file work33.csv (CSV, C-alpha atoms and all ligand atoms)
chain,number,residue,atom,x,y,z
W,1,MET,CA,196.4,-189.0,81.2
W,2,PRO,CA,195.3,-186.8,84.2
W,3,ALA,CA,191.7,-185.7,84.0
W,4,ALA,CA,190.9,-182.1,83.6
W,5,SER,CA,190.0,-180.5,86.9
W,6,MET,CA,186.3,-180.5,87.8
W,7,HIS,CA,184.1,-179.2,90.6
W,8,VAL,CA,181.9,-181.8,92.1
W,9,PRO,CA,180.1,-180.5,95.2
W,10,LEU,CA,178.8,-182.9,97.9
W,11,LEU,CA,175.3,-181.7,97.0
W,12,ASP,CA,173.9,-179.2,94.5
W,13,LEU,CA,170.6,-177.6,95.5
W,14,LYS,CA,170.9,-175.0,92.7
W,15,ALA,CA,170.6,-177.8,90.1
W,16,GLN,CA,167.4,-179.0,91.7
W,17,TYR,CA,166.0,-175.4,92.0
W,18,ALA,CA,166.6,-174.7,88.3
W,19,VAL,CA,164.1,-177.5,87.5
W,20,ILE,CA,161.3,-176.6,90.0
W,21,ARG,CA,161.8,-172.8,90.1
W,22,ALA,CA,158.5,-171.8,88.4
W,23,GLU,CA,156.4,-174.1,90.5
W,24,ILE,CA,158.1,-173.1,93.8
W,25,ARG,CA,157.7,-169.4,93.0
W,26,ALA,CA,154.0,-169.9,92.2
W,27,ALA,CA,153.5,-171.8,95.5
W,28,LEU,CA,155.3,-169.1,97.5
W,29,ASP,CA,153.4,-166.3,95.8
W,30,ALA,CA,150.1,-168.0,96.8
W,31,VAL,CA,151.3,-168.1,100.5
W,32,LEU,CA,152.3,-164.4,100.3
W,33,ASP,CA,149.0,-163.4,98.7
W,34,SER,CA,147.1,-165.3,101.4
W,35,GLN,CA,149.1,-163.6,104.2
W,36,TYR,CA,148.4,-166.7,106.3
W,37,PHE,CA,151.7,-168.0,107.6
W,38,VAL,CA,151.5,-170.7,110.3
W,39,LEU,CA,149.6,-174.0,110.4
W,40,GLY,CA,147.3,-173.3,107.5
W,41,ALA,CA,146.0,-175.0,104.4
W,42,ASN,CA,149.4,-175.8,103.1
W,43,VAL,CA,150.4,-177.5,106.3
W,44,SER,CA,147.2,-179.5,106.4
W,45,ALA,CA,147.6,-180.6,102.8
W,46,LEU,CA,151.2,-181.6,103.4
W,47,GLU,CA,150.2,-183.7,106.5
W,48,THR,CA,147.7,-185.6,104.4
W,49,ASP,CA,150.0,-186.1,101.4
W,50,MET,CA,153.0,-187.0,103.5
W,51,ALA,CA,151.0,-189.5,105.6
W,52,HIS,CA,149.7,-191.0,102.3
W,53,TYR,CA,153.2,-191.1,100.8
W,54,CYS,CA,154.7,-192.8,103.8
W,55,GLY,CA,151.8,-195.1,104.4
W,56,ALA,CA,151.0,-193.8,107.9
W,57,PRO,CA,147.5,-193.0,109.0
W,58,HIS,CA,148.5,-189.7,110.5
W,59,ALA,CA,151.1,-187.0,110.2
W,60,VAL,CA,151.8,-183.8,112.2
W,61,GLY,CA,154.0,-181.1,110.8
W,62,VAL,CA,156.5,-179.6,113.3
W,63,ALA,CA,159.3,-177.1,113.2
W,64,SER,CA,162.3,-179.5,112.6
W,65,GLY,CA,163.4,-183.1,112.6
W,66,SER,CA,164.9,-182.6,116.1
W,67,ASP,CA,161.6,-181.3,117.4
W,68,ALA,CA,159.8,-184.3,115.8
W,69,LEU,CA,162.0,-186.5,117.9
W,70,LEU,CA,161.4,-184.4,121.0
W,71,LEU,CA,157.7,-184.3,120.6
W,72,ALA,CA,157.4,-188.0,119.8
W,73,LEU,CA,159.2,-188.8,123.0
W,74,MET,CA,157.1,-186.3,125.0
W,75,ALA,CA,154.0,-187.9,123.5
W,76,ILE,CA,154.9,-191.4,124.7
W,77,GLY,CA,155.8,-189.9,128.1
W,78,ILE,CA,159.5,-190.2,128.3
W,79,GLY,CA,160.7,-188.5,131.5
W,80,PRO,CA,163.4,-188.5,134.2
W,81,GLY,CA,165.2,-191.8,134.5
W,82,ASP,CA,163.5,-193.5,131.6
W,83,GLU,CA,165.9,-195.5,129.4
W,84,VAL,CA,165.7,-195.3,125.6
W,85,ILE,CA,167.8,-197.6,123.5
W,86,THR,CA,169.5,-196.2,120.4
W,87,THR,CA,172.6,-196.1,118.3
W,88,PRO,CA,175.7,-194.1,119.1
W,89,TYR,CA,176.4,-193.7,115.3
W,90,THR,CA,173.8,-191.0,114.4
W,91,PHE,CA,173.2,-187.3,114.3
W,92,PHE,CA,173.3,-185.6,117.7
W,93,ALA,CA,169.6,-184.9,117.8
W,94,THR,CA,168.6,-188.5,118.3
W,95,ALA,CA,170.1,-188.9,121.7
W,96,ALA,CA,169.7,-185.2,122.7
W,97,ALA,CA,165.9,-185.5,122.6
W,98,VAL,CA,166.1,-188.3,125.2
W,99,VAL,CA,168.5,-186.2,127.4
W,100,ARG,CA,166.4,-183.0,127.1
W,101,LEU,CA,163.5,-184.9,128.8
W,102,GLY,CA,165.7,-186.2,131.6
W,103,GLY,CA,165.8,-189.7,130.0
W,104,VAL,CA,168.9,-191.8,129.6
W,105,PRO,CA,170.1,-192.9,126.2
W,106,VAL,CA,171.4,-196.5,126.3
W,107,PHE,CA,173.6,-197.1,123.3
W,108,VAL,CA,173.9,-200.3,121.4
W,109,ASP,CA,176.6,-200.8,118.8
W,110,ILE,CA,175.9,-200.9,115.0
W,111,GLU,CA,175.9,-203.6,112.5
W,112,PRO,CA,179.0,-202.8,110.3
W,113,ARG,CA,177.5,-203.6,106.9
W,114,THR,CA,174.6,-201.2,107.1
W,115,PHE,CA,175.8,-198.8,109.9
W,116,ASN,CA,172.4,-199.3,111.6
W,117,LEU,CA,171.6,-200.6,115.1
W,118,ALA,CA,172.7,-204.2,115.7
W,119,VAL,CA,169.3,-205.4,116.5
W,120,GLU,CA,170.5,-208.8,117.9
W,121,GLN,CA,172.4,-206.9,120.6
W,122,VAL,CA,169.4,-204.8,121.8
W,123,LYS,CA,167.8,-207.5,124.1
W,124,ALA,CA,170.8,-207.6,126.4
W,125,HIS,CA,170.4,-203.9,127.1
W,126,ILE,CA,166.7,-204.0,128.1
W,127,THR,CA,166.1,-203.3,131.8
W,128,ALA,CA,163.1,-202.6,134.0
W,129,ARG,CA,163.6,-198.9,133.2
W,130,THR,CA,163.6,-199.2,129.4
W,131,LYS,CA,160.7,-197.4,127.8
W,132,ALA,CA,161.4,-197.1,124.1
W,133,ILE,CA,163.8,-197.9,121.3
W,134,ILE,CA,164.9,-195.3,118.6
W,135,PRO,CA,166.2,-197.1,115.5
W,136,VAL,CA,167.9,-194.6,113.1
W,137,HIS,CA,167.6,-195.4,109.4
W,138,LEU,CA,171.1,-194.2,108.6
W,139,TYR,CA,172.1,-192.9,105.2
W,140,GLY,CA,168.7,-193.8,103.7
W,141,GLN,CA,168.0,-197.4,104.6
W,142,CYS,CA,165.9,-198.9,107.4
W,143,ALA,CA,167.3,-200.6,110.4
W,144,ASP,CA,166.1,-204.2,110.7
W,145,MET,CA,162.7,-203.4,111.9
W,146,ALA,CA,161.0,-206.8,111.9
W,147,PRO,CA,163.0,-208.4,114.7
W,148,LEU,CA,163.1,-205.1,116.5
W,149,LEU,CA,159.4,-204.7,116.5
W,150,ALA,CA,159.0,-208.3,117.7
W,151,LEU,CA,161.4,-207.6,120.6
W,152,ALA,CA,159.6,-204.3,121.5
W,153,GLN,CA,156.3,-206.0,121.5
W,154,GLU,CA,157.6,-208.8,123.8
W,155,HIS,CA,158.9,-206.2,126.3
W,156,GLY,CA,156.1,-203.6,126.0
W,157,LEU,CA,158.4,-201.0,124.5
W,158,MET,CA,157.5,-198.1,122.1
W,159,VAL,CA,159.4,-197.8,118.9
W,160,VAL,CA,160.1,-194.3,117.6
W,161,GLU,CA,161.8,-194.3,114.2
W,162,ASP,CA,164.4,-191.6,113.4
W,163,ALA,CA,163.6,-191.6,109.7
W,164,ALA,CA,165.2,-188.2,109.1
W,165,GLN,CA,167.6,-189.6,106.5
W,166,ALA,CA,165.3,-192.2,105.0
W,167,ILE,CA,162.1,-190.6,103.7
W,168,GLY,CA,160.7,-193.0,101.0
W,169,ALA,CA,162.9,-195.9,101.9
W,170,ARG,CA,161.0,-199.2,101.9
W,171,TYR,CA,161.2,-202.1,104.3
W,172,LEU,CA,159.5,-205.5,103.8
W,173,SER,CA,157.6,-205.9,107.1
W,174,GLY,CA,155.8,-209.0,108.1
W,175,HIS,CA,156.5,-212.0,110.2
W,176,THR,CA,159.0,-214.6,109.6
W,177,THR,CA,158.2,-217.7,111.4
W,178,PRO,CA,160.9,-220.1,112.6
W,179,SER,CA,159.8,-222.7,110.1
W,180,HIS,CA,159.4,-220.4,107.1
W,181,ASP,CA,162.2,-217.9,106.8
W,182,GLU,CA,160.5,-216.3,103.9
W,183,PRO,CA,159.3,-212.8,104.6
W,184,ALA,CA,155.6,-212.8,104.0
W,185,GLY,CA,154.7,-209.2,104.5
W,186,THR,CA,154.1,-205.9,102.8
W,187,TRP,CA,156.5,-203.1,102.0
W,188,GLY,CA,156.3,-200.3,104.6
W,189,ARG,CA,158.0,-197.0,104.3
W,190,ALA,CA,160.5,-195.5,106.8
W,191,GLY,CA,158.7,-193.7,109.6
W,192,ALA,CA,155.5,-195.6,109.2
W,193,ILE,CA,156.7,-199.0,110.6
W,194,GLY,CA,157.1,-198.3,114.3
W,195,ASP,CA,154.7,-196.6,116.7
W,196,LEU,CA,155.9,-193.1,115.7
W,197,GLY,CA,158.2,-191.9,113.0
W,198,CYS,CA,160.2,-188.7,112.7
W,199,LEU,CA,161.0,-187.0,109.4
W,200,SER,CA,163.4,-184.0,108.8
W,201,PHE,CA,163.0,-181.6,106.0
W,202,TYR,CA,166.3,-179.8,106.7
W,203,PRO,CA,167.4,-178.3,103.3
W,204,SER,CA,170.1,-180.9,102.7
W,205,LYS,CA,167.9,-183.8,103.3
W,206,ALA,CA,166.4,-185.9,100.5
W,207,CYS,CA,163.2,-183.8,100.6
W,208,GLY,CA,164.4,-180.5,101.9
W,209,ALA,CA,162.5,-177.4,102.8
W,210,TYR,CA,163.8,-173.8,102.4
W,211,GLY,CA,164.5,-173.6,106.1
W,212,ASP,CA,163.8,-175.9,109.1
W,213,ALA,CA,160.8,-178.3,109.0
W,214,GLY,CA,159.9,-181.8,110.3
W,215,MET,CA,157.1,-184.2,110.8
W,216,VAL,CA,155.8,-186.9,113.1
W,217,LEU,CA,154.1,-189.9,111.6
W,218,ALA,CA,151.8,-192.0,113.8
W,219,HIS,CA,149.3,-194.8,113.9
W,220,ASP,CA,147.5,-194.4,117.3
W,221,PRO,CA,145.0,-191.5,117.1
W,222,ALA,CA,145.6,-190.8,120.8
W,223,LEU,CA,149.3,-190.3,120.3
W,224,VAL,CA,148.6,-188.1,117.2
W,225,GLU,CA,146.4,-185.9,119.3
W,226,ARG,CA,149.1,-185.6,121.9
W,227,VAL,CA,151.7,-184.6,119.3
W,228,ARG,CA,149.3,-182.1,117.8
W,229,ALA,CA,148.7,-180.5,121.2
W,230,LEU,CA,152.4,-180.6,122.2
W,231,ARG,CA,153.5,-178.6,119.1
W,232,THR,CA,151.2,-175.7,120.2
W,233,HIS,CA,152.1,-175.5,123.9
W,234,GLY,CA,149.9,-178.4,124.8
W,235,GLY,CA,146.7,-176.6,123.9
W,236,LEU,CA,143.9,-178.4,122.0
W,237,GLY,CA,141.4,-175.5,122.1
W,238,LYS,CA,142.5,-171.9,122.3
W,239,TYR,CA,143.9,-170.9,125.7
W,240,ARG,CA,143.1,-174.3,127.2
W,241,HIS,CA,146.2,-176.3,128.1
W,242,ASP,CA,145.9,-179.9,129.1
W,243,LEU,CA,149.7,-180.5,128.7
W,244,VAL,CA,152.8,-178.4,128.8
W,245,GLY,CA,154.2,-178.4,125.3
W,246,VAL,CA,156.4,-176.3,123.2
W,247,ASN,CA,156.1,-173.9,120.2
W,248,SER,CA,157.0,-176.2,117.3
W,249,ARG,CA,154.7,-175.1,114.5
W,250,LEU,CA,155.3,-175.7,110.8
W,251,ASP,CA,155.0,-172.6,108.6
W,252,GLU,CA,153.1,-172.3,105.4
W,253,ILE,CA,156.1,-171.3,103.3
W,254,GLN,CA,157.9,-174.5,104.2
W,255,ALA,CA,154.8,-176.6,103.7
W,256,ALA,CA,154.2,-175.0,100.3
W,257,VAL,CA,157.8,-175.7,99.2
W,258,LEU,CA,157.5,-179.3,100.4
W,259,GLY,CA,154.2,-179.8,98.7
W,260,VAL,CA,155.9,-179.1,95.4
W,261,LYS,CA,158.9,-181.3,96.2
W,262,LEU,CA,156.9,-184.3,97.3
W,263,ARG,CA,155.6,-184.7,93.8
W,264,TYR,CA,159.2,-185.1,92.6
W,265,LEU,CA,160.5,-187.3,95.4
W,266,ASP,CA,160.1,-190.7,93.9
W,267,GLY,CA,161.9,-189.6,90.7
W,268,TRP,CA,164.7,-188.1,92.8
W,269,ILE,CA,165.1,-191.3,94.8
W,270,ALA,CA,165.3,-193.3,91.6
W,271,ALA,CA,167.9,-191.0,90.3
W,272,ARG,CA,169.9,-191.4,93.5
W,273,GLN,CA,169.7,-195.2,93.2
W,274,THR,CA,170.9,-195.1,89.6
W,275,ARG,CA,173.9,-192.9,90.7
W,276,ALA,CA,174.7,-195.3,93.6
W,277,SER,CA,174.9,-198.3,91.3
W,278,ARG,CA,176.9,-196.2,88.9
W,279,TYR,CA,179.5,-195.5,91.6
W,280,ASP,CA,179.5,-199.2,92.5
W,281,GLN,CA,180.3,-200.1,88.9
W,282,LEU,CA,182.9,-197.4,88.5
W,283,PHE,CA,184.7,-198.6,91.7
W,284,GLN,CA,184.6,-202.2,90.6
W,285,GLN,CA,185.9,-201.3,87.1
W,286,ALA,CA,188.7,-199.3,88.5
W,287,ASP,CA,189.5,-202.4,90.7
W,288,LEU,CA,189.2,-200.3,93.8
W,289,ALA,CA,186.3,-202.4,95.2
W,290,GLY,CA,185.0,-205.9,95.3
W,291,ALA,CA,181.4,-206.8,95.6
W,292,PRO,CA,179.3,-204.5,97.8
W,293,GLY,CA,180.0,-205.3,101.4
W,294,GLU,CA,182.9,-205.2,103.8
W,295,TYR,CA,186.5,-204.4,102.8
W,296,GLN,CA,187.9,-207.1,100.6
W,297,PRO,CA,191.5,-207.9,101.1
W,298,GLY,CA,193.6,-205.8,98.7
W,299,LYS,CA,190.8,-203.5,97.8
W,300,ALA,CA,190.8,-199.8,98.8
W,301,VAL,CA,187.1,-199.1,99.0
W,302,GLY,CA,184.2,-200.8,100.8
W,303,LEU,CA,180.9,-200.2,99.0
W,304,PRO,CA,177.6,-199.5,100.6
W,305,VAL,CA,175.4,-202.6,101.3
W,306,ILE,CA,171.7,-202.9,100.6
W,307,ALA,CA,170.3,-205.2,103.3
W,308,PRO,CA,167.7,-207.9,102.7
W,309,ARG,CA,164.1,-206.5,103.1
W,310,CYS,CA,165.4,-203.0,102.3
W,311,THR,CA,165.5,-200.4,99.6
W,312,HIS,CA,168.1,-197.7,100.0
W,313,ILE,CA,167.3,-194.1,99.0
W,314,PHE,CA,171.0,-193.1,99.2
W,315,TYR,CA,170.5,-189.9,101.0
W,316,VAL,CA,174.2,-190.5,101.7
W,317,TYR,CA,176.5,-192.7,99.6
W,318,ALA,CA,179.2,-193.6,102.1
W,319,ILE,CA,182.2,-195.7,101.3
W,320,ARG,CA,184.6,-197.3,103.8
W,321,VAL,CA,188.2,-196.4,103.3
W,322,SER,CA,191.5,-196.4,105.2
W,323,GLN,CA,193.4,-193.1,105.4
W,324,ARG,CA,190.0,-191.4,105.2
W,325,ASP,CA,191.1,-187.9,106.3
W,326,GLN,CA,194.1,-187.9,103.9
W,327,LEU,CA,191.8,-189.0,101.1
W,328,ARG,CA,189.3,-186.3,102.0
W,329,ALA,CA,192.0,-183.6,101.8
W,330,HIS,CA,193.1,-185.0,98.4
W,331,LEU,CA,189.6,-184.9,97.1
W,332,SER,CA,189.1,-181.4,98.4
W,333,GLU,CA,192.2,-180.2,96.7
W,334,HIS,CA,190.8,-181.6,93.4
W,335,GLY,CA,187.4,-180.0,93.7
W,336,VAL,CA,185.4,-182.9,95.1
W,337,GLY,CA,183.2,-182.2,98.1
W,338,THR,CA,182.8,-184.9,100.8
W,339,ASP,CA,181.6,-185.1,104.3
W,340,VAL,CA,182.0,-187.4,107.3
W,341,TYR,CA,178.9,-188.7,109.0
W,342,TYR,CA,180.0,-188.9,111.9
W,343,PRO,CA,183.5,-188.3,113.1
W,344,VAL,CA,182.7,-188.6,116.8
W,345,PRO,CA,180.2,-191.3,117.9
W,346,LEU,CA,177.7,-190.0,120.5
W,347,HIS,CA,179.0,-192.1,123.4
W,348,LEU,CA,182.3,-190.1,123.1
W,349,GLN,CA,180.7,-186.7,123.0
W,350,PRO,CA,181.8,-184.5,125.9
W,351,CYS,CA,178.2,-183.5,126.8
W,352,PHE,CA,177.3,-187.2,127.3
W,353,ALA,CA,180.4,-187.9,129.5
W,354,ALA,CA,178.1,-188.3,132.5
W,355,LEU,CA,176.6,-191.4,130.9
W,356,GLY,CA,179.9,-193.1,131.7
W,357,TYR,CA,180.9,-194.5,128.3
W,358,CYS,CA,184.4,-194.7,127.1
W,359,GLN,CA,186.5,-195.4,124.0
W,360,GLY,CA,186.2,-199.1,123.0
W,361,ASP,CA,182.6,-199.5,124.2
W,362,PHE,CA,181.2,-199.6,120.7
W,363,PRO,CA,184.0,-200.8,118.4
W,364,GLU,CA,181.9,-200.9,115.2
W,365,ALA,CA,180.6,-197.3,115.7
W,366,GLU,CA,184.1,-196.2,116.4
W,367,ARG,CA,185.5,-197.9,113.3
W,368,ALA,CA,182.7,-196.4,111.2
W,369,ALA,CA,183.6,-193.0,112.6
W,370,GLU,CA,187.2,-193.5,111.3
W,371,GLU,CA,186.4,-195.1,107.9
W,372,SER,CA,183.2,-193.7,106.6
W,373,LEU,CA,183.3,-191.1,103.8
W,374,ALA,CA,180.3,-189.6,102.1
W,375,LEU,CA,180.8,-188.9,98.4
W,376,PRO,CA,178.9,-186.3,96.2
W,377,MET,CA,175.3,-187.6,95.8
W,378,TYR,CA,172.3,-185.8,94.4
W,379,PRO,CA,169.8,-186.6,91.7
W,380,GLU,CA,171.4,-184.3,89.1
W,381,LEU,CA,175.0,-185.7,89.6
W,382,SER,CA,176.3,-186.4,86.1
W,383,GLU,CA,178.2,-189.4,84.8
W,384,PRO,CA,181.4,-187.4,84.0
W,385,GLN,CA,181.3,-186.0,87.5
W,386,GLN,CA,181.0,-189.5,89.1
W,387,ALA,CA,183.8,-190.8,86.8
W,388,TYR,CA,186.0,-187.9,87.9
W,389,VAL,CA,185.3,-188.6,91.6
W,390,VAL,CA,186.3,-192.2,91.2
W,391,GLU,CA,189.5,-191.3,89.2
W,392,GLN,CA,190.6,-188.9,91.9
W,393,ILE,CA,190.1,-191.7,94.5
W,394,ALA,CA,192.1,-194.1,92.3
W,395,ASP,CA,194.9,-191.5,92.0
W,396,PHE,CA,195.1,-191.2,95.7
W,397,TYR,CA,195.5,-195.0,96.3
W,398,GLN,CA,198.0,-195.5,93.5
U,401,LIG,C1,168.9,-184.3,110.2
U,401,LIG,C2,168.7,-185.4,111.3
U,401,LIG,C3,167.9,-185.1,112.4
U,401,LIG,C4,167.4,-183.7,112.8
U,401,LIG,O1,166.7,-183.0,111.9
U,401,LIG,P1,166.7,-181.4,111.9
U,401,LIG,O2,165.6,-181.2,110.9
U,401,LIG,O3,168.0,-181.0,111.4
U,401,LIG,O4,166.4,-181.0,113.2
U,401,LIG,C5,167.7,-186.1,113.3
U,401,LIG,N1,168.2,-187.3,113.2
U,401,LIG,C6,169.0,-187.6,112.1
U,401,LIG,C7,169.5,-189.0,111.9
U,401,LIG,C8,169.2,-186.6,111.1
U,401,LIG,O5,170.0,-186.9,110.1

call {"tool": "encode", "arguments": {"input": "work33.csv", "output": "structure tokens"}}
result
Amino acid sequence: MPAASMHVPLLDLKAQYAVIRAEIRAALDAVLDSQYFVLGANVSALETDMAHYCGAPHAVGVASGSDALLLALMAIGIGPGDEVITTPYTFFATAAAVVRLGGVPVFVDIEPRTFNLAVEQVKAHITARTKAIIPVHLYGQCADMAPLLALAQEHGLMVVEDAAQAIGARYLSGHTTPSHDEPAGTWGRAGAIGDLGCLSFYPSKACGAYGDAGMVLAHDPALVERVRALRTHGGLGKYRHDLVGVNSRLDEIQAAVLGVKLRYLDGWIAARQTRASRYDQLFQQADLAGAPGEYQPGKAVGLPVIAPRCTHIFYVYAIRVSQRDQLRAHLSEHGVGTDVYYPVPLHLQPCFAALGYCQGDFPEAERAAEESLALPMYPELSEPQQAYVVEQIADFYQ
């Protein structure tokens, strides 16, 4: 029997707002009553609370996730000719920050199960000009940070995490010795594992502001001071500029909103995780998928993989499918919102043509760009909605 038509958006911020409306409005009223709008008490409180939440000693609020990346790279001194290793399968801002400073993004392919940087391929791309590595924690799960940090340390490179999609995701850090392959470490949170970490609070992100906002997490007090100075035109005191920075201040309204939302974040992440395993089960019950992992012969859908050492916050629940664009059109016709992160890998973007990459250079990133499809995912997504999404996908492949 065909299911009745339903509307299932990719994300539903109104459902979230309905729950927190009174708290948000009280927080906004307090800012309006104070008539203090930029870098005030709400920003300071958010920096403290976010640092604590992520397990980083310091946090600096900035105007966006893109600016967090830019300021982090400025703080570690990335400049003309410096090479920065990163993934081609990410949001544009990751590589753009490098190019904005005259640096050269050096791409390394992804590991197909997690869509994250293939860490074992990084070493071969390190040169005398390499200054830093930017692992991107795509979809809400950390890149494999332990071997990456070991490599960075060996070669004297800085590690700047792009944790824009992974706030709250955990990674079991610590050293594995050749004789004991057991990870003997502590759980660290995305953004607090490398030298610097960048968060985005773009409205659609797992912890979204009501406009643009971002944050840099840091360990080294000297780097924190540089980021702090750089976000206000490089000035530490008023009208004294030791550095040339930018205007990338965080405003009180956004900080007030985020202060409320941070209290809900762990609950929202747990709700996302429940919904992710519900999707997994529904796909397996419908015989569309095998175990989480790569495509299984004869199965239409590849499920997301949770890597060893990782928790996944499922900012994005992305399946791998063939005929992706046709499936997407079918879902859209039946009221299901989806998105593609990302249809064009960065090494094939016209603006990066001068870097000299071509089609075929990063086969896994290119395959992901053709196969990956993000399904509706948000903490309030209901069981009937998920069942409907999976039914529609089953219909398509019948
Ligand atoms: C969202 C995002 C950014 C940029 O954040 P903005 O706040 O939108 O500037 C950077 N990197 C990744 C991977 C992102 O998903």

call {"tool": "closest_atom_pairs", "arguments": {"input": "work33.csv", "of": "segment 81-124 of chain W", "to": "segment 353-377 of chain W", "cutoff": "9 Å", "atoms": "all atoms listed in the file", "output": "Markdown table"}}
result
| residue | atom | partner | partner_atom | distance |
| --- | --- | --- | --- | --- |
| W:Thr87 | CA | W:Ala365 | CA | 8.5 |
| W:Pro88 | CA | W:Ala365 | CA | 6.8 |
| W:Tyr89 | CA | W:Ala365 | CA | 5.5 |
| W:Val104 | CA | W:Leu355 | CA | 7.8 |
| W:Pro105 | CA | W:Leu355 | CA | 8.2 |
| W:Val106 | CA | W:Leu355 | CA | 8.6 |
| W:Phe107 | CA | W:Phe362 | CA | 8.4 |
| W:Val108 | CA | W:Phe362 | CA | 7.4 |
| W:Asp109 | CA | W:Phe362 | CA | 5.1 |
| W:Ile110 | CA | W:Ala365 | CA | 6.0 |
| W:Glu111 | CA | W:Glu364 | CA | 7.1 |
| W:Pro112 | CA | W:Glu364 | CA | 6.0 |
| W:Phe115 | CA | W:Ala368 | CA | 7.4 |

call {"tool": "residues_near_ligand", "arguments": {"input": "work33.csv", "ligand": "ligand LIG 401 (chain U)", "cutoff": "6 Å", "atoms": "only C-alpha atoms and all ligand atoms", "output": "ChimeraX atom specification"}}
result
/W:64-66,90-91,93-94,136,162,164-165,200-202,212-214

call {"tool": "write_last_selection", "arguments": {"input": "work33.csv", "atoms": "C-alpha atoms", "output": "compact mmCIF listing (two decimals), in the coordinates of the input"}}
result
# COMPACT_ATOMS: atom_id res chain seq x y z
CA SER W 64 162.30 -179.50 112.60
CA GLY W 65 163.40 -183.10 112.60
CA SER W 66 164.90 -182.60 116.10
CA THR W 90 173.80 -191.00 114.40
CA PHE W 91 173.20 -187.30 114.30
CA ALA W 93 169.60 -184.90 117.80
CA THR W 94 168.60 -188.50 118.30
CA VAL W 136 167.90 -194.60 113.10
CA ASP W 162 164.40 -191.60 113.40
CA ALA W 164 165.20 -188.20 109.10
CA GLN W 165 167.60 -189.60 106.50
CA SER W 200 163.40 -184.00 108.80
CA PHE W 201 163.00 -181.60 106.00
CA TYR W 202 166.30 -179.80 106.70
CA ASP W 212 163.80 -175.90 109.10
CA ALA W 213 160.80 -178.30 109.00
CA GLY W 214 159.90 -181.80 110.30

call {"tool": "atom_distance", "arguments": {"input": "work33.csv", "atom1": "atom CA of Leu69 of chain W", "atom2": "atom CA of Ala118 of chain W"}}
result
20.8 Å

call {"tool": "closest_residue", "arguments": {"input": "work33.csv", "among": "W:Ala276, W:Val336, W:Met215, W:Ala132", "to": "Glu47 of chain W", "atoms": "only C-alpha atoms"}}
result
W:Met215

call {"tool": "closest_residue", "arguments": {"input": "work33.csv", "among": "W:Ala229, W:Ile134, W:Leu331, W:Ala97", "to": "Val62 of chain W", "atoms": "all atoms listed in the file"}}
result
W:Ala229

call {"tool": "residues_around", "arguments": {"input": "work33.csv", "residues": "segment 189-197 of chain W", "least_positions_apart": "6", "cutoff": "7 Å", "atoms": "only C-alpha atoms", "output": "number ranges by chain"}}
result
W: 54-56, 72, 142, 158-163, 166-171, 216-219

call {"tool": "closest_residue", "arguments": {"input": "work33.csv", "among": "W:Ile253, W:Gln121, W:Ala150, W:Leu11", "to": "Asp33 of chain W", "atoms": "only C-alpha atoms"}}
result
W:Ile253

call {"tool": "atom_distance", "arguments": {"input": "work33.csv", "atom1": "atom CA of Ala18 of chain W", "atom2": "atom CA of Glu380 of chain W"}}
result
10.8 Å

call {"tool": "atom_distance", "arguments": {"input": "work33.csv", "atom1": "atom CA of Gln141 of chain W", "atom2": "atom CA of Arg272 of chain W"}}
result
12.8 Å

call {"tool": "residues_near_point", "arguments": {"input": "work33.csv", "point": "(176.3, -204.9, 104.7)", "cutoff": "12 Å", "atoms": "all atoms listed in the file", "output": "list of chain:residue names"}}
result
W:Ile110, W:Glu111, W:Pro112, W:Arg113, W:Thr114, W:Phe115, W:Asn116, W:Ala118, W:Gln141, W:Ala143, W:Asp144, W:Ala291, W:Pro292, W:Gly293, W:Glu294, W:Tyr295, W:Gly302, W:Leu303, W:Pro304, W:Val305, W:Ile306, W:Ala307, W:Pro308, W:Cys310, W:His312, W:Ala318, W:Ile319, W:Arg320

call {"tool": "closest_residue", "arguments": {"input": "work33.csv", "among": "W:Val43, W:Leu258, W:Val301, W:Tyr239", "to": "Ile20 of chain W", "atoms": "all atoms listed in the file"}}
result
W:Leu258

call {"tool": "closest_residue", "arguments": {"input": "work33.csv", "among": "W:Leu39, W:Leu265, W:Ala152, W:Val98", "to": "Pro379 of chain W", "atoms": "all atoms listed in the file"}}
result
W:Leu265

call {"tool": "closest_residue", "arguments": {"input": "work33.csv", "among": "W:Glu391, W:Asp266, W:Glu252, W:Asp339", "to": "Leu46 of chain W", "atoms": "all atoms listed in the file"}}
result
W:Glu252

call {"tool": "build_atoms", "arguments": {"input": "work33.csv", "residues": "segment 42-47 of chain W", "atoms": "N, CA and C atoms", "output": "mmCIF file, keeping the file's coordinate frame"}}
result
data_model
loop_
_atom_site.group_PDB
_atom_site.id
_atom_site.type_symbol
_atom_site.label_atom_id
_atom_site.label_comp_id
_atom_site.auth_asym_id
_atom_site.auth_seq_id
_atom_site.Cartn_x
_atom_site.Cartn_y
_atom_site.Cartn_z
ATOM 1 N N ASN W 42 148.284 -175.129 103.624
ATOM 2 C CA ASN W 42 149.400 -175.800 103.100
ATOM 3 C C ASN W 42 149.958 -176.904 104.022
ATOM 4 N N VAL W 43 149.965 -176.576 105.315
ATOM 5 C CA VAL W 43 150.400 -177.500 106.300
ATOM 6 C C VAL W 43 149.468 -178.731 106.365
ATOM 7 N N SER W 44 148.168 -178.453 106.412
ATOM 8 C CA SER W 44 147.200 -179.500 106.400
ATOM 9 C C SER W 44 147.322 -180.442 105.227
ATOM 10 N N ALA W 45 147.453 -179.823 104.052
ATOM 11 C CA ALA W 45 147.600 -180.600 102.800
ATOM 12 C C ALA W 45 148.849 -181.448 102.856
ATOM 13 N N LEU W 46 149.919 -180.850 103.336
ATOM 14 C CA LEU W 46 151.200 -181.600 103.400
ATOM 15 C C LEU W 46 151.079 -182.769 104.365
ATOM 16 N N GLU W 47 150.405 -182.561 105.484
ATOM 17 C CA GLU W 47 150.200 -183.700 106.500
ATOM 18 C C GLU W 47 149.495 -184.823 105.807
#
